[in-house]
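Student: Provided herewith: data.txt, compact mmCIF, C-alpha atoms.
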```txt
# COMPACT_ATOMS: atom_id res chain seq x y z
CA MET N 1115 137.37 172.28 38.77
CA SER N 1116 135.28 171.89 35.64
CA ASP N 1117 136.19 169.39 32.94
CA LEU N 1118 133.48 170.59 30.59
CA TYR N 1119 135.90 171.23 27.72
CA PRO N 1120 139.10 169.29 28.48
CA ALA N 1121 140.28 169.41 24.86
CA CYS N 1122 139.81 173.09 24.09
CA ASP N 1123 139.67 175.07 27.35
CA PRO N 1124 143.16 174.80 28.90
CA LEU N 1125 142.57 177.70 31.30
CA ASN N 1126 139.33 176.06 32.47
CA LEU N 1127 137.29 179.18 31.78
CA ALA N 1128 134.09 177.13 31.89
CA ASP N 1129 134.66 176.82 35.66
CA VAL N 1130 132.67 180.06 35.99
CA LEU N 1131 129.54 177.97 35.46
CA THR N 1132 127.75 176.42 38.41
CA PRO N 1133 127.44 172.61 38.60
CA ALA N 1134 123.77 172.91 37.60
CA GLU N 1135 124.64 175.04 34.58
CA GLN N 1136 127.32 172.58 33.55
CA ALA N 1137 124.84 169.73 33.81
CA ALA N 1138 122.46 171.60 31.50
CA ILE N 1139 125.26 172.17 28.96
CA ARG N 1140 126.12 168.46 29.04
CA ARG N 1141 122.48 167.60 28.37
CA LEU N 1142 122.47 169.98 25.40
CA ARG N 1143 125.71 168.40 24.13
CA ALA N 1144 124.22 164.90 24.26
CA THR N 1145 121.36 165.97 22.01
CA LEU N 1146 123.66 167.80 19.61
CA GLU N 1147 125.98 164.81 19.31
CA THR N 1148 123.26 162.19 18.82
CA LYS N 1149 120.46 164.05 17.01
CA VAL N 1150 122.09 166.97 15.18
CA GLN N 1151 125.72 166.18 14.33
CA PRO N 1152 124.88 163.18 12.10
CA LEU N 1153 122.69 165.39 9.86
CA LEU N 1154 124.99 168.36 9.35
CA SER N 1155 127.01 167.41 6.28
CA GLU N 1156 123.95 166.19 4.38
CA TYR N 1157 121.89 169.30 5.09
CA TRP N 1158 124.79 171.69 4.48
CA ALA N 1159 125.20 170.14 1.02
CA ARG N 1160 121.44 170.30 0.41
CA ASP N 1161 121.23 173.93 1.48
CA GLU N 1162 118.38 173.03 3.82
CA PHE N 1163 117.58 173.22 7.53
CA PRO N 1164 116.79 169.90 9.25
CA THR N 1165 113.49 171.03 10.75
CA GLN N 1166 113.03 167.65 12.44
CA ILE N 1167 115.58 168.66 15.07
CA ILE N 1168 113.65 171.76 16.19
CA PRO N 1169 111.39 169.85 18.63
CA GLU N 1170 114.50 168.15 20.03
CA LEU N 1171 116.25 171.47 20.71
CA VAL N 1172 113.15 173.29 21.93
CA GLY N 1173 112.23 170.39 24.21
CA LEU N 1174 115.50 170.81 26.11
CA GLY N 1175 114.20 174.07 27.58
CA MET N 1176 117.64 175.65 27.39
CA MET N 1177 116.44 179.20 28.00
CA ASN N 1178 115.37 178.15 31.50
CA PRO N 1179 116.87 174.69 32.02
CA ALA N 1180 115.44 172.34 34.62
CA GLU N 1181 118.82 171.71 36.28
CA VAL N 1182 119.31 175.41 36.96
CA VAL N 1183 115.75 175.99 38.15
CA GLU N 1184 115.89 173.00 40.50
CA ALA N 1185 119.14 174.34 41.98
CA GLY N 1186 117.33 177.57 42.83
CA GLU N 1187 119.38 179.54 40.33
CA LYS N 1188 118.54 181.81 37.46
CA PRO N 1189 120.37 181.34 34.14
CA GLY N 1190 122.41 184.43 33.41
CA HIS N 1191 124.85 185.88 30.90
CA LEU N 1192 127.52 183.22 31.41
CA PHE N 1193 125.13 180.32 31.02
CA ALA N 1194 123.60 181.89 27.89
CA GLY N 1195 127.11 182.40 26.55
CA PHE N 1196 128.27 178.84 27.07
CA ARG N 1197 124.96 177.56 25.70
CA THR N 1198 125.76 179.47 22.51
CA PHE N 1199 129.37 178.25 22.62
CA GLU N 1200 128.19 174.64 22.81
CA LEU N 1201 125.77 175.10 19.91
CA ALA N 1202 128.43 176.77 17.74
CA ARG N 1203 131.00 174.12 18.66
CA CYS N 1204 128.61 171.68 17.00
CA ASP N 1205 127.66 173.93 14.07
CA THR N 1206 127.54 177.65 13.34
CA SER N 1207 124.09 177.45 11.76
CA MET N 1208 122.67 175.71 14.83
CA ALA N 1209 123.96 178.51 17.04
CA THR N 1210 122.69 181.17 14.66
CA PHE N 1211 119.27 179.52 14.49
CA TYR N 1212 118.89 179.24 18.26
CA THR N 1213 120.25 182.67 19.12
CA ALA N 1214 118.05 184.32 16.50
CA VAL N 1215 115.20 183.56 18.90
CA ALA N 1216 116.91 183.22 22.29
CA GLY N 1217 119.23 186.17 21.70
CA LEU N 1218 118.20 188.77 19.16
CA PHE N 1219 114.44 188.38 19.32
CA ARG N 1220 114.23 187.77 23.06
CA THR N 1221 116.42 190.80 23.76
CA THR N 1222 114.22 192.89 21.48
CA ILE N 1223 111.14 191.82 23.44
CA ASN N 1224 112.66 192.32 26.88
CA LEU N 1225 114.54 195.57 26.27
CA GLY N 1226 112.34 197.02 23.54
CA GLY N 1227 108.98 196.17 25.03
CA SER N 1228 107.24 197.69 28.00
CA PRO N 1229 107.30 195.64 31.23
CA GLU N 1230 103.79 194.48 30.42
CA GLN N 1231 104.75 193.45 26.88
CA ALA N 1232 107.85 191.60 28.11
CA ALA N 1233 105.86 189.79 30.78
CA LYS N 1234 103.27 188.74 28.20
CA TRP N 1235 105.59 187.58 25.41
CA ASP N 1236 108.83 186.39 27.02
CA PRO N 1237 107.33 183.12 28.36
CA LEU N 1238 106.13 182.35 24.83
CA VAL N 1239 109.58 183.07 23.40
CA GLN N 1240 111.21 180.74 25.94
CA THR N 1241 109.18 177.80 24.62
CA PHE N 1242 109.42 178.91 20.96
CA GLU N 1243 105.63 179.19 20.88
CA MET N 1244 106.45 182.69 19.73
CA PHE N 1245 109.20 181.91 17.22
CA GLY N 1246 110.39 185.39 16.41
CA VAL N 1247 113.17 186.81 14.25
CA PHE N 1248 114.89 190.20 14.10
CA CYS N 1249 114.27 192.09 10.84
CA LEU N 1250 116.47 195.16 10.50
CA THR N 1251 118.76 194.81 7.46
CA GLU N 1252 117.38 195.88 4.07
CA PRO N 1253 118.34 195.17 0.43
CA GLU N 1254 120.11 198.52 0.10
CA HIS N 1255 121.03 199.19 3.71
CA GLY N 1256 123.28 197.15 5.99
CA SER N 1257 126.10 199.00 7.72
CA ASP N 1258 124.38 202.33 6.97
CA ILE N 1259 121.03 201.24 8.34
CA ALA N 1260 120.96 203.98 11.01
CA ARG N 1261 120.53 206.71 8.41
CA GLY N 1262 119.34 204.58 5.53
CA LEU N 1263 116.43 202.59 6.98
CA ALA N 1264 113.83 202.83 4.23
CA THR N 1265 110.95 200.66 5.47
CA THR N 1266 108.14 202.96 6.60
CA ALA N 1267 105.30 202.79 9.10
CA THR N 1268 102.33 205.17 8.93
CA ARG N 1269 99.82 205.43 11.75
CA THR N 1270 96.11 205.95 11.21
CA GLY N 1271 94.23 205.81 14.49
CA ASP N 1272 95.30 202.61 16.22
CA THR N 1273 96.52 200.97 13.02
CA TRP N 1274 99.97 201.10 11.44
CA THR N 1275 100.60 200.42 7.75
CA ILE N 1276 104.07 199.11 6.93
CA ASN N 1277 105.76 199.21 3.51
CA GLY N 1278 109.27 198.22 2.59
CA ALA N 1279 111.67 195.29 2.35
CA LYS N 1280 114.07 193.33 4.55
CA ARG N 1281 117.00 191.11 3.60
CA TRP N 1282 119.26 188.48 5.20
CA ILE N 1283 116.58 187.54 7.75
CA GLY N 1284 117.69 184.20 9.17
CA GLY N 1285 114.97 181.75 10.14
CA ALA N 1286 112.11 183.87 8.79
CA GLY N 1287 110.61 180.93 6.94
CA MET N 1288 110.15 179.00 10.21
CA ALA N 1289 109.10 181.97 12.32
CA THR N 1290 105.66 182.88 13.60
CA THR N 1291 106.58 186.50 14.26
CA LEU N 1292 108.72 189.11 12.51
CA ALA N 1293 110.18 192.01 14.52
CA ILE N 1294 110.03 194.63 11.77
CA PHE N 1295 112.02 197.84 12.18
CA ALA N 1296 110.47 200.74 10.29
CA ARG N 1297 110.72 204.51 10.13
CA ASP N 1298 107.68 206.38 11.41
CA THR N 1299 106.56 208.73 8.62
CA ALA N 1300 105.27 211.21 11.22
CA ASP N 1301 108.47 211.87 13.16
CA GLY N 1302 111.16 210.08 11.13
CA GLU N 1303 112.16 207.93 14.10
CA VAL N 1304 112.63 204.15 14.07
CA LYS N 1305 109.98 201.94 15.67
CA VAL N 1306 109.63 198.16 15.84
CA PHE N 1307 106.48 196.11 15.27
CA LEU N 1308 105.68 192.44 15.87
CA VAL N 1309 104.20 191.30 12.58
CA PRO N 1310 102.72 187.80 12.04
CA GLN N 1311 104.78 186.00 9.43
CA ASP N 1312 101.62 185.08 7.53
CA ALA N 1313 100.03 188.57 7.68
CA PRO N 1314 98.46 189.84 4.42
CA GLY N 1315 101.06 191.78 2.45
CA VAL N 1316 104.07 189.82 3.79
CA THR N 1317 106.00 187.89 1.14
CA LEU N 1318 109.04 185.73 1.94
CA THR N 1319 111.61 184.57 -0.61
CA LYS N 1320 114.47 182.26 0.32
CA MET N 1321 117.89 183.61 -0.60
CA GLU N 1322 119.79 181.24 -2.88
CA GLY N 1323 123.45 180.75 -3.74
CA LYS N 1324 125.02 181.22 -0.30
CA ILE N 1325 128.45 179.70 0.37
CA SER N 1326 128.22 180.32 4.12
CA LEU N 1327 125.63 179.27 6.72
CA ARG N 1328 123.95 177.07 4.14
CA ILE N 1329 121.97 175.23 6.81
CA MET N 1330 120.55 178.43 8.28
CA GLN N 1331 118.04 179.73 5.75
CA ASN N 1332 118.00 183.48 5.05
CA PHE N 1333 115.08 185.30 3.48
CA ASP N 1334 114.13 188.43 1.61
CA ILE N 1335 110.91 189.90 3.00
CA ALA N 1336 108.62 192.24 1.08
CA LEU N 1337 106.07 194.25 3.09
CA THR N 1338 103.26 195.76 1.04
CA GLY N 1339 100.49 197.57 2.89
CA VAL N 1340 100.93 195.36 5.95
CA GLN N 1341 98.57 196.49 8.72
CA VAL N 1342 99.12 195.89 12.42
CA SER N 1343 97.54 197.32 15.55
CA ASP N 1344 99.34 199.75 17.81
CA ASP N 1345 99.63 197.19 20.60
CA THR N 1346 102.13 195.27 18.45
CA ARG N 1347 104.57 198.17 18.58
CA LEU N 1348 107.29 197.74 21.19
CA ALA N 1349 106.91 200.68 23.53
CA ASN N 1350 110.58 201.28 24.35
CA VAL N 1351 111.97 201.59 20.82
CA ASN N 1352 111.44 205.15 19.67
CA SER N 1353 114.70 206.05 17.93
CA PHE N 1354 117.75 204.46 16.41
CA ALA N 1355 119.54 205.05 19.69
CA ASP N 1356 117.16 202.49 21.16
CA VAL N 1357 117.95 200.10 18.30
CA ALA N 1358 121.68 200.58 18.94
CA ARG N 1359 121.06 199.61 22.57
CA LEU N 1360 119.52 196.34 21.39
CA LEU N 1361 122.40 195.67 19.00
CA GLY N 1362 124.99 196.40 21.64
CA ASN N 1363 123.41 193.88 23.97
CA THR N 1364 123.29 191.19 21.29
CA ARG N 1365 126.72 191.75 19.72
CA SER N 1366 128.40 189.71 22.43
CA ILE N 1367 126.31 186.71 21.34
CA VAL N 1368 128.28 186.66 18.09
CA ALA N 1369 131.53 186.60 20.04
CA TRP N 1370 130.32 183.42 21.75
CA ILE N 1371 129.44 181.96 18.33
CA ALA N 1372 132.92 182.82 17.07
CA CYS N 1373 134.51 181.11 20.08
CA GLY N 1374 132.35 178.01 19.70
CA ALA N 1375 133.12 177.74 15.99
CA MET N 1376 136.84 178.04 16.77
CA ALA N 1377 136.48 175.19 19.25
CA GLY N 1378 134.67 173.03 16.71
CA ALA N 1379 137.23 173.71 14.00
CA TYR N 1380 140.17 173.17 16.37
CA GLU N 1381 138.81 169.86 17.66
CA ALA N 1382 138.12 168.67 14.11
CA ALA N 1383 141.68 169.59 13.13
CA VAL N 1384 143.16 167.71 16.09
CA ARG N 1385 140.99 164.72 15.31
CA TYR N 1386 142.07 164.67 11.67
CA THR N 1387 145.79 165.21 12.24
CA THR N 1388 146.01 162.56 14.97
CA GLU N 1389 144.31 159.96 12.76
CA ARG N 1390 145.81 160.72 9.33
CA ASP N 1391 149.12 159.06 8.27
CA GLN N 1392 151.56 160.74 5.89
CA PHE N 1393 155.27 160.00 5.33
CA GLY N 1394 155.04 157.07 7.73
CA LYS N 1395 153.72 158.99 10.75
CA LYS N 1396 150.65 160.84 11.98
CA VAL N 1397 150.23 164.31 10.49
CA ALA N 1398 150.12 165.70 14.05
CA HIS N 1399 153.75 164.60 14.57
CA PHE N 1400 155.12 167.26 12.20
CA GLN N 1401 156.50 170.47 13.66
CA LEU N 1402 154.71 172.84 11.28
CA VAL N 1403 151.37 171.19 12.03
CA GLN N 1404 151.92 171.45 15.76
CA GLU N 1405 152.71 175.16 15.40
CA LYS N 1406 149.38 175.70 13.62
CA LEU N 1407 147.46 173.69 16.22
CA SER N 1408 149.11 175.76 18.97
CA THR N 1409 148.12 179.00 17.27
CA MET N 1410 144.55 177.78 16.91
CA LEU N 1411 144.30 176.90 20.60
CA ALA N 1412 145.84 180.22 21.62
CA ASN N 1413 143.37 182.12 19.42
CA LEU N 1414 140.47 180.24 20.99
CA THR N 1415 141.73 180.67 24.55
CA ALA N 1416 142.34 184.41 24.20
CA SER N 1417 138.97 184.92 22.54
CA LEU N 1418 137.09 182.87 25.11
CA ALA N 1419 138.80 184.69 27.99
CA MET N 1420 137.77 188.05 26.53
CA THR N 1421 134.21 186.88 25.95
CA VAL N 1422 133.82 185.39 29.43
CA ARG N 1423 135.07 188.62 31.01
CA LEU N 1424 132.68 190.67 28.88
CA ALA N 1425 129.78 188.48 30.05
CA GLN N 1426 130.84 188.94 33.67
CA GLN N 1427 130.87 192.72 33.25
CA GLU N 1428 127.48 192.74 31.52
CA ALA N 1429 126.03 190.54 34.26
CA ALA N 1430 127.24 193.11 36.80
CA GLY N 1431 125.57 195.92 34.86
CA ALA N 1432 128.87 197.36 33.61
CA TYR N 1433 127.90 197.46 29.95
CA ALA N 1434 129.99 199.44 27.46
CA ASP N 1435 129.19 199.38 23.75
CA GLU N 1436 132.84 199.70 22.79
CA ASN N 1437 133.74 196.59 24.78
CA SER N 1438 131.05 194.57 23.06
CA ALA N 1439 132.21 195.87 19.67
CA MET N 1440 135.87 195.16 20.46
CA THR N 1441 135.08 191.60 21.53
CA LYS N 1442 133.05 190.86 18.42
CA MET N 1443 135.73 192.47 16.24
CA PHE N 1444 138.57 190.48 17.81
CA THR N 1445 136.90 187.08 18.12
CA SER N 1446 135.50 187.03 14.59
CA LYS N 1447 138.91 187.96 13.18
CA LYS N 1448 140.59 185.19 15.18
CA LEU N 1449 137.86 182.82 14.02
CA ARG N 1450 138.77 183.54 10.42
CA GLU N 1451 142.43 182.76 11.09
CA THR N 1452 141.66 179.66 13.13
CA VAL N 1453 139.34 177.99 10.62
CA ALA N 1454 141.84 178.71 7.83
CA LEU N 1455 144.55 176.93 9.82
CA ALA N 1456 142.18 174.04 10.51
CA ARG N 1457 141.50 173.71 6.81
CA GLU N 1458 145.22 173.95 6.13
CA VAL N 1459 146.37 171.16 8.46
CA ALA N 1460 143.75 168.86 6.92
CA GLY N 1461 145.24 169.45 3.46
CA GLY N 1462 143.00 168.77 0.50
CA ASN N 1463 140.72 166.74 2.74
CA GLY N 1464 139.97 169.96 4.58
CA ILE N 1465 137.49 170.95 1.90
CA LEU N 1466 135.46 167.77 2.34
CA LEU N 1467 132.37 167.99 4.53
CA GLU N 1468 133.04 164.56 6.00
CA ASN N 1469 135.97 165.93 8.01
CA ASP N 1470 133.89 168.74 9.61
CA VAL N 1471 136.53 171.42 9.00
CA ALA N 1472 134.94 172.67 5.76
CA ARG N 1473 131.67 173.78 7.37
CA PHE N 1474 133.45 175.88 9.96
CA PHE N 1475 135.78 177.30 7.31
CA ALA N 1476 132.90 178.47 5.11
CA ASP N 1477 130.58 179.55 7.90
CA ALA N 1478 133.19 181.80 9.50
CA GLU N 1479 132.70 184.29 6.67
CA ALA N 1480 129.13 184.97 7.77
CA VAL N 1481 130.12 185.37 11.43
CA TYR N 1482 132.83 187.84 10.40
CA SER N 1483 130.21 190.11 8.84
CA TYR N 1484 126.94 189.83 10.74
CA GLU N 1485 126.03 191.89 13.82
CA GLY N 1486 128.37 194.60 12.61
CA THR N 1487 131.22 194.16 10.14
CA HIS N 1488 134.83 194.21 11.31
CA GLU N 1489 135.15 197.77 10.05
CA ILE N 1490 132.02 199.09 11.75
CA ASN N 1491 132.94 197.52 15.08
CA SER N 1492 136.46 198.91 14.82
CA LEU N 1493 134.98 202.39 14.34
CA VAL N 1494 132.85 201.98 17.46
CA VAL N 1495 136.03 201.14 19.38
CA GLY N 1496 137.96 203.92 17.66
CA ARG N 1497 135.33 206.47 18.61
CA SER N 1498 135.72 205.43 22.24
CA ILE N 1499 139.51 205.72 22.06
CA THR N 1500 139.67 209.11 20.35
CA GLY N 1501 136.36 210.73 21.15
CA LYS N 1502 135.92 211.27 17.41
CA GLY N 1503 133.33 209.52 15.25
CA ALA N 1504 134.84 208.41 11.95
CA PHE N 1505 131.61 207.10 10.43
CA VAL N 1506 130.72 208.50 7.02
```
Can you dump the structure from the file as structure tokens?

Tutor:
Amino acid sequence: MSDLYPACDPLNLADVLTPAEQAAIRRLRATLETKVQPLLSEYWARDEFPTQIIPELVGLGMMNPAEVVEAGEKPGHLFAGFRTFELARCDTSMATFYTAVAGLFRTTINLGGSPEQAAKWDPLVQTFEMFGVFCLTEPEHGSDIARGLATTATRTGDTWTINGAKRWIGGAGMATTLAIFARDTADGEVKVFLVPQDAPGVTLTKMEGKISLRIMQNFDIALTGVQVSDDTRLANVNSFADVARLLGNTRSIVAWIACGAMAGAYEAAVRYTTERDQFGKKVAHFQLVQEKLSTMLANLTASLAMTVRLAQQEAAGAYADENSAMTKMFTSKKLRETVALAREVAGGNGILLENDVARFFADAEAVYSYEGTHEINSLVVGRSITGKGAFV
């Protein structure tokens, strides 16, 4: 039996991992606890990313960890999920940063590219030599991006010229490569291009004033007459249906982030309530506090069970978009409730960064909305239930 998460995994769901995979997760945890955790409150308050930790995280080789390779195994959906869980248990921004490359961008390369393109670029993504980010959302188009995508790409010979704008692009300032989704002016279909971050005509502006995911930097991107060659276009993205396939495969990543953030918030709440004295006893001794802690653990356990099962199905090739949407919808809603309860049991001290709860409380709002809002995901599920699309 695994004891990977004795404090927050009462059903021992992490037992689905092999011993080698568990060893890799423990190695990741050691780095997070010693190199990353001590910096989080300071950098959250500064609204900055601690770039000094990037070599530490990249050097772990967590996309293809040594323990797993040496055991003759191949890291799969469950390992990738618990890797994300561990990152989010430490900090939501850390998980968002890592999965921007290891999840969204890598999936775009491997599913959106031809076999030759994937074989060429995936090894570079694994080492972050190709530090890529996913650029779909626009200033005026988020949930309606399927019909509203306004960025254009025009082909002349073997050259494409891209014009438009992107918004909410996490990690773009650190990236080498931007996966730009644009509408082909010839056929009106969506294509995706790998654009160097420093290409002429690309302008990045950091978004200011965020109250959520303050460590993870988001950017506005302006694209003015940006020219790229045809070999930078991913061969297997030729319509928004192809884009939806990418999104469906990455939506479950957010469910893992939601579960990890719940675990982090829950453990911080237990830590606080078992150390804090009020009315002559520990806060954790009061009945109302114990009820809230129980609800938090139940939310986490139910969410993690759903997410683990989804990963098992996807690993077996039994992918269903509505299941991915349902899992993201459910886990992000339970995250919102769980972090609110964590903040609540910590009282006024729950809004102080020093007690860890506040970061999870604020960052949950971003998780609730990205990779499909609660409403959009519920409509994906509803369409599956009724056979009727209720999208506007």

Student: Tell me, as a PyMOL selection string, which residues lie within 6 Å of segment 1330-1336 of chain N, counting all atoms listed in the file; anything in the same chain fewer than 5 positions away does not count.

Tutor: chain N and resi 1207+1279-1285+1316-1321

Student: Using all atoms listed in the file, tabulate the residues of segment 1187-1210 of chain N lying at most 9 Å from any atom of segment 1150-1155 of chain N, each with its closest atom pair and that distance in Å to one decimal, by chain and increasing residue number, as a Markdown table.

Tutor:
```
| residue | atom | partner | partner_atom | distance |
| --- | --- | --- | --- | --- |
| N:Cys1204 | CA | N:Gln1151 | CA | 6.8 |
| N:Asp1205 | CA | N:Leu1154 | CA | 7.8 |
| N:Met1208 | CA | N:Val1150 | CA | 8.8 |
```

Student: Per residue of segment 1445-1494 of chain N within 8 Å of segment 1241-1265 of chain N, record the nearest atom pair and its distance in Å to one decimal, counting only C-alpha atoms, with rows in chain order and ascending residue number, as CSV.

Tutor:
```
residue,atom,partner,partner_atom,distance
N:Gly1486,CA,N:Ser1257,CA,7.0
N:Thr1487,CA,N:Ser1257,CA,7.4
N:Ile1490,CA,N:Ser1257,CA,7.2
```

Student: Between N:Val1351, N:Met1176, N:Ala1300, N:Val1182, which one has atoms that come closest to Gly1226 of chain N, using all atoms listed in the file?

Tutor: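 Of all the options, N:Val1351 lies closest to Gly1226 of chain N.
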
Student: Dig up all the protein and nucleic acid residues within 10 Å of (126.8, 190.7, 30.2) in the file frame, using all atoms listed in the file, and format them as a PyMOL selection string.

Tutor: chain N and resi 1190-1192+1194-1195+1363-1364+1366-1367+1421-1434+1438

Student: What's the 12 Å shell around Val1239 of chain N, counting all atoms listed in the file, without same-chain residues fewer than 3 positions away, as a PyMOL selection string?

Tutor: chain N and resi 1172+1175-1178+1212-1224+1231-1236+1242-1247+1289-1291

Student: Would you work out the distance separating atom CA of Gln1166 of chain N from atom CA of Asp1477 of chain N, expressed in Å to one decimal?

Tutor: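 Between these atoms lies a distance of 21.7 Å.
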
Student: Do you know which residues lie at most 6 Å from (107.3, 197.7, 4.2), with coordinates as in the file and only C-alpha atoms counted, and could you write them as a PDB file with C-alpha atoms, in the coordinates of the input?

Tutor:
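Final output, saved to part30.pdb:
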```pdb
ATOM      1  CA  THR N1265     110.950 200.660   5.470  1.00  0.00           C
ATOM      2  CA  THR N1266     108.140 202.960   6.600  1.00  0.00           C
ATOM      3  CA  ILE N1276     104.070 199.110   6.930  1.00  0.00           C
ATOM      4  CA  ASN N1277     105.760 199.210   3.510  1.00  0.00           C
ATOM      5  CA  GLY N1278     109.270 198.220   2.590  1.00  0.00           C
ATOM      6  CA  ALA N1279     111.670 195.290   2.350  1.00  0.00           C
ATOM      7  CA  LEU N1337     106.070 194.250   3.090  1.00  0.00           C
ATOM      8  CA  THR N1338     103.260 195.760   1.040  1.00  0.00           C
TER       9      THR N1338
END
```
